[in-house]
Structures are given as C-alpha cells and as structure tokens.
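Q: Here's a structure for you.
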Amino acid sequence: MRLKPGVVVVDKREERSGVPRMLSRLGISLRYELLEVGDYLLPGDILIERKEVGDFLSSLLDGRLFDQASNLVEASENPTILIEGDFSRVFARFENRAAVWGAVASLGYDFKITLLYTPSPEETANLIAMISKRTPSREEIHLKPKKKRADIHELQLNIVASLPGVGAARAKRLLEKLGTIRAVFSADAGQLSRLGGIPYETSLKIFKLLNTRYGEEAERRQEKIDDFIREDI
C-alpha cells in the first residue's frame, strides 16, 4: 500500500488510546482499518506496533513479544516497535534488568526491527506525525537497497534461542525434534531436557517461565525474572 506523506492507516482498535485523535489535531489524514499486524501504517511501508511499557513487559513474559516481532518482519519492509511510557516503572518491579534489555537487543540486532521510545501518548502522536510527513530524498529512493525479509527458519531459531539457557545449538536441536515453536513452548520440563540436551533444573525454570500466568501475586513477580535469568543458567 503506497501512502502519501501525511497519511496514516490506523488500526481501529487503537482509537481508544487517544493517539489517533491527537494525530488528527496535528493535521494528519487518518484511514481506519482492521490491521492484521501492527497499529499504524505510515508512508514508506513503515509499520509500527505501539506498546505501553506494561504491555511490553507482559508480552515478554508470556512469549507474545517475539511472535509479534516475527509477524512485523514478515509484513513490512520497515518494521518498527514503539515503546511508550516510563521504563523506571518496569525496573521498579524487576531488579534484574537483563531480561528487558536482552529482549530490546534481540529485537534490534536479531530481528532488525527499528525501536522507538516515547514518554507519553502525546509524544507518540508527535513522533508518528513527524515520521508520516517525512519525504525520502531522491538518493534514498534510488540507492537504498530493498531490505531482505527475514528467513522464517532464522526467526524460529531466534525465538527459541531467546529462552534462558537455550542458545542457538539447543534451539536447533529442539526444533528438529519437536518441529514447531508451539511444540517447543508446549513441551514439559522432561522433554525440554531430554530432547534439547538442557540441564533438568534449567528446563524446569523454562517450563515455569512459559506457563506461569502473568499478574499473579506481586511477591512471585521478582522470582519470574531472577529465577529464570541467571548467569549460571
């Protein structure tokens, strides 16, 4: 879909966030659709998934984050995740920051996704408006090579390898034995240990990470990170 500068396609479910209303006030022409992937489609095939910091954290813990990243990469030449809010809220709840920054690094370096940060919905609207009005220079239009779409097998490996204590070699072994990411995530601790060559104690922690419901009592939340992301894993 080719869009003119200053035009943004908005997922209908984003209307309640208030960002589209602010975009209209900034002079942006909006088109509402039900987008299968992402929240905002901008000129230049820029597809933005907006995540409040709380949703970013919950999607990291329940495994949705890397699934969504894969879908973004498949759907757009310029996949983008915009994280909105104050990261200090996250770090106030989780002292171990390795999981959060590890996920950010993986999104940028492994998935080749552009990461943007804003402190509030208002600044999100300002940033999206600025990007949507941007006109690529003639040099960019003619010389910039088309971004290679990520290979699905590479993305599958990256997603499984992102589990604590797994890594590339064990991820490949698990996928070869179980066939799909869903099967890996559904495996019990014994299967993870036996098929992936992972120490049982580590497999048990991975199993707990994948199956612990988000939002359980606060005293267990720190355990979700400290227990699963350790140097000895």
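Chain identifiers are assigned as A, B, and so on, following the order in which chains appear in the structure tokens; residues are numbered from 1 within each chain, and ligands are numbered from 1 in order of appearance.
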May I have all residues of region 66-136 of chain A that DSSP, computed from the backbone, assigns to helix (DSSP H, G or I), given as a PyMOL selection string?
A: chain A and resi 66-75+87-93+98-110+121-133
Q: Next, write the just-selected residues to a file, as a PDB file, in the first residue's frame, keeping C-alpha atoms as the atom set.
A:
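Dumped everything to part-v2.pdb:
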ATOM      1  CA  PHE A  66       8.842 -12.422  19.680  1.00  0.00           C
ATOM      2  CA  ASP A  67       5.789 -13.806  17.872  1.00  0.00           C
ATOM      3  CA  GLN A  68       4.668 -10.239  17.206  1.00  0.00           C
ATOM      4  CA  ALA A  69       8.189  -9.299  16.134  1.00  0.00           C
ATOM      5  CA  SER A  70       8.201 -12.142  13.593  1.00  0.00           C
ATOM      6  CA  ASN A  71       4.835 -11.034  12.220  1.00  0.00           C
ATOM      7  CA  LEU A  72       6.047  -7.437  11.872  1.00  0.00           C
ATOM      8  CA  VAL A  73       9.151  -8.508   9.966  1.00  0.00           C
ATOM      9  CA  GLU A  74       7.064 -10.652   7.619  1.00  0.00           C
ATOM     10  CA  ALA A  75       4.518  -7.881   6.989  1.00  0.00           C
ATOM     11  CA  PHE A  87      10.880   2.267  31.882  1.00  0.00           C
ATOM     12  CA  SER A  88      11.520   3.086  35.540  1.00  0.00           C
ATOM     13  CA  ARG A  89       8.063   1.603  36.248  1.00  0.00           C
ATOM     14  CA  VAL A  90       9.306  -1.704  34.910  1.00  0.00           C
ATOM     15  CA  PHE A  91      12.602  -1.611  36.749  1.00  0.00           C
ATOM     16  CA  ALA A  92      10.857  -0.689  39.990  1.00  0.00           C
ATOM     17  CA  ARG A  93       9.124  -4.087  39.805  1.00  0.00           C
ATOM     18  CA  ALA A  98      18.924  -8.352  31.891  1.00  0.00           C
ATOM     19  CA  ALA A  99      15.652  -9.793  30.562  1.00  0.00           C
ATOM     20  CA  VAL A 100      14.300  -6.409  29.459  1.00  0.00           C
ATOM     21  CA  TRP A 101      17.485  -5.187  27.804  1.00  0.00           C
ATOM     22  CA  GLY A 102      18.133  -8.621  26.349  1.00  0.00           C
ATOM     23  CA  ALA A 103      14.759  -8.506  24.628  1.00  0.00           C
ATOM     24  CA  VAL A 104      15.427  -4.979  23.334  1.00  0.00           C
ATOM     25  CA  ALA A 105      18.807  -6.060  21.960  1.00  0.00           C
ATOM     26  CA  SER A 106      17.293  -9.126  20.283  1.00  0.00           C
ATOM     27  CA  LEU A 107      14.572  -7.067  18.606  1.00  0.00           C
ATOM     28  CA  GLY A 108      17.144  -4.651  17.216  1.00  0.00           C
ATOM     29  CA  TYR A 109      20.011  -6.945  16.247  1.00  0.00           C
ATOM     30  CA  ASP A 110      18.342 -10.308  15.587  1.00  0.00           C
ATOM     31  CA  PRO A 121       0.706   9.141  24.095  1.00  0.00           C
ATOM     32  CA  GLU A 122       1.075  12.826  23.198  1.00  0.00           C
ATOM     33  CA  GLU A 123       4.721  12.392  22.244  1.00  0.00           C
ATOM     34  CA  THR A 124       3.830   9.191  20.413  1.00  0.00           C
ATOM     35  CA  ALA A 125       1.439  11.204  18.263  1.00  0.00           C
ATOM     36  CA  ASN A 126       4.083  13.888  17.669  1.00  0.00           C
ATOM     37  CA  LEU A 127       6.646  11.295  16.591  1.00  0.00           C
ATOM     38  CA  ILE A 128       4.264   9.409  14.293  1.00  0.00           C
ATOM     39  CA  ALA A 129       3.150  12.682  12.730  1.00  0.00           C
ATOM     40  CA  MET A 130       6.742  13.700  12.038  1.00  0.00           C
ATOM     41  CA  ILE A 131       7.608  10.320  10.503  1.00  0.00           C
ATOM     42  CA  SER A 132       4.486  10.299   8.341  1.00  0.00           C
ATOM     43  CA  LYS A 133       5.320  13.713   6.854  1.00  0.00           C
TER      44      LYS A 133
END
Q: Rank nothing, just name the residue among A:Gly190, A:Gly27, A:Gly167, A:Gly85 nearest to Leu57 (chain A), using only C-alpha atoms.
A: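 Selected residue with least distance to Leu57 (chain A): A:Gly85.
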Q: Pick from A:Val37, A:Val7, A:Val166, A:Ile181: nearest to Ser193 (chain A), with only C-alpha atoms counted?
A: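 So, comparing all the options, the nearest one is A:Val166.
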Q: Smallest atom-to-atom distance to Arg50 (chain A): which of A:Ala168, A:Val10, A:Ala183, A:Val160, using only C-alpha atoms?
A: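 Smallest separation from Arg50 (chain A) among the options: A:Val10.
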Q: So that each row is one residue of region 52-101 of chain A with an atom at most 9 Å from region 195-216 of chain A, can you give its shortest atom pair and the distance in Å to one decimal, using only C-alpha atoms, rows by chain and rising number, as CSV?
A:
residue,atom,partner,partner_atom,distance
A:Ser58,CA,A:Tyr214,CA,6.7
A:Leu61,CA,A:Leu209,CA,7.1
A:Asp62,CA,A:Leu210,CA,6.2
A:Gly63,CA,A:Leu210,CA,7.2
Q: Take the residues from that selection and put them in a file with N, CA, C and O atoms, as a short mmCIF file (atom, residue, chain, number, x, y, z; two decimals), in the first residue's frame.
A:
data_model
loop_
_atom_site.label_atom_id
_atom_site.label_comp_id
_atom_site.auth_asym_id
_atom_site.auth_seq_id
_atom_site.Cartn_x
_atom_site.Cartn_y
_atom_site.Cartn_z
N SER A 58 4.63 -7.60 29.79
CA SER A 58 3.79 -8.80 29.83
C SER A 58 3.97 -9.65 28.58
O SER A 58 3.97 -10.88 28.66
N LEU A 61 7.11 -11.69 28.98
CA LEU A 61 6.98 -12.79 29.93
C LEU A 61 6.14 -13.94 29.38
O LEU A 61 6.43 -15.11 29.66
N ASP A 62 5.11 -13.63 28.58
CA ASP A 62 4.25 -14.73 28.10
C ASP A 62 4.61 -15.21 26.70
O ASP A 62 3.93 -16.06 26.13
N GLY A 63 5.69 -14.64 26.12
CA GLY A 63 6.16 -15.15 24.84
C GLY A 63 5.57 -14.48 23.62
O GLY A 63 5.97 -14.77 22.49
#
Q: Please provide the set of residues having any atom within 6 Å of Tyr32 (chain A), restricted to only C-alpha atoms, with same-chain residues fewer than 2 positions apart removed, written as an MDAnalysis selection string.
A: chainID A and resid 9:12
Q: To test your reading of the structure, identify every residue in region 2-209 of chain A that backbone DSSP assigns to strand (DSSP E or B), and report it as a ChimeraX atom specification.
A: /A:7-11,29-33,40-42,46-52,78-84,114-118
Q: Would you compute the distance between CA of Leu42 (chain A) and CA of Asp86 (chain A)? Give it in Å to one decimal.
A: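 Calculated distance between CA of Leu42 (chain A) and CA of Asp86 (chain A) is 24.8 Å.
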Q: Select, from A:Ser29, A:Gln156, A:Ser162, A:Thr114, the residue with the minimum atom-to-atom distance to Glu176 (chain A), counting only C-alpha atoms.
A: A:Gln156
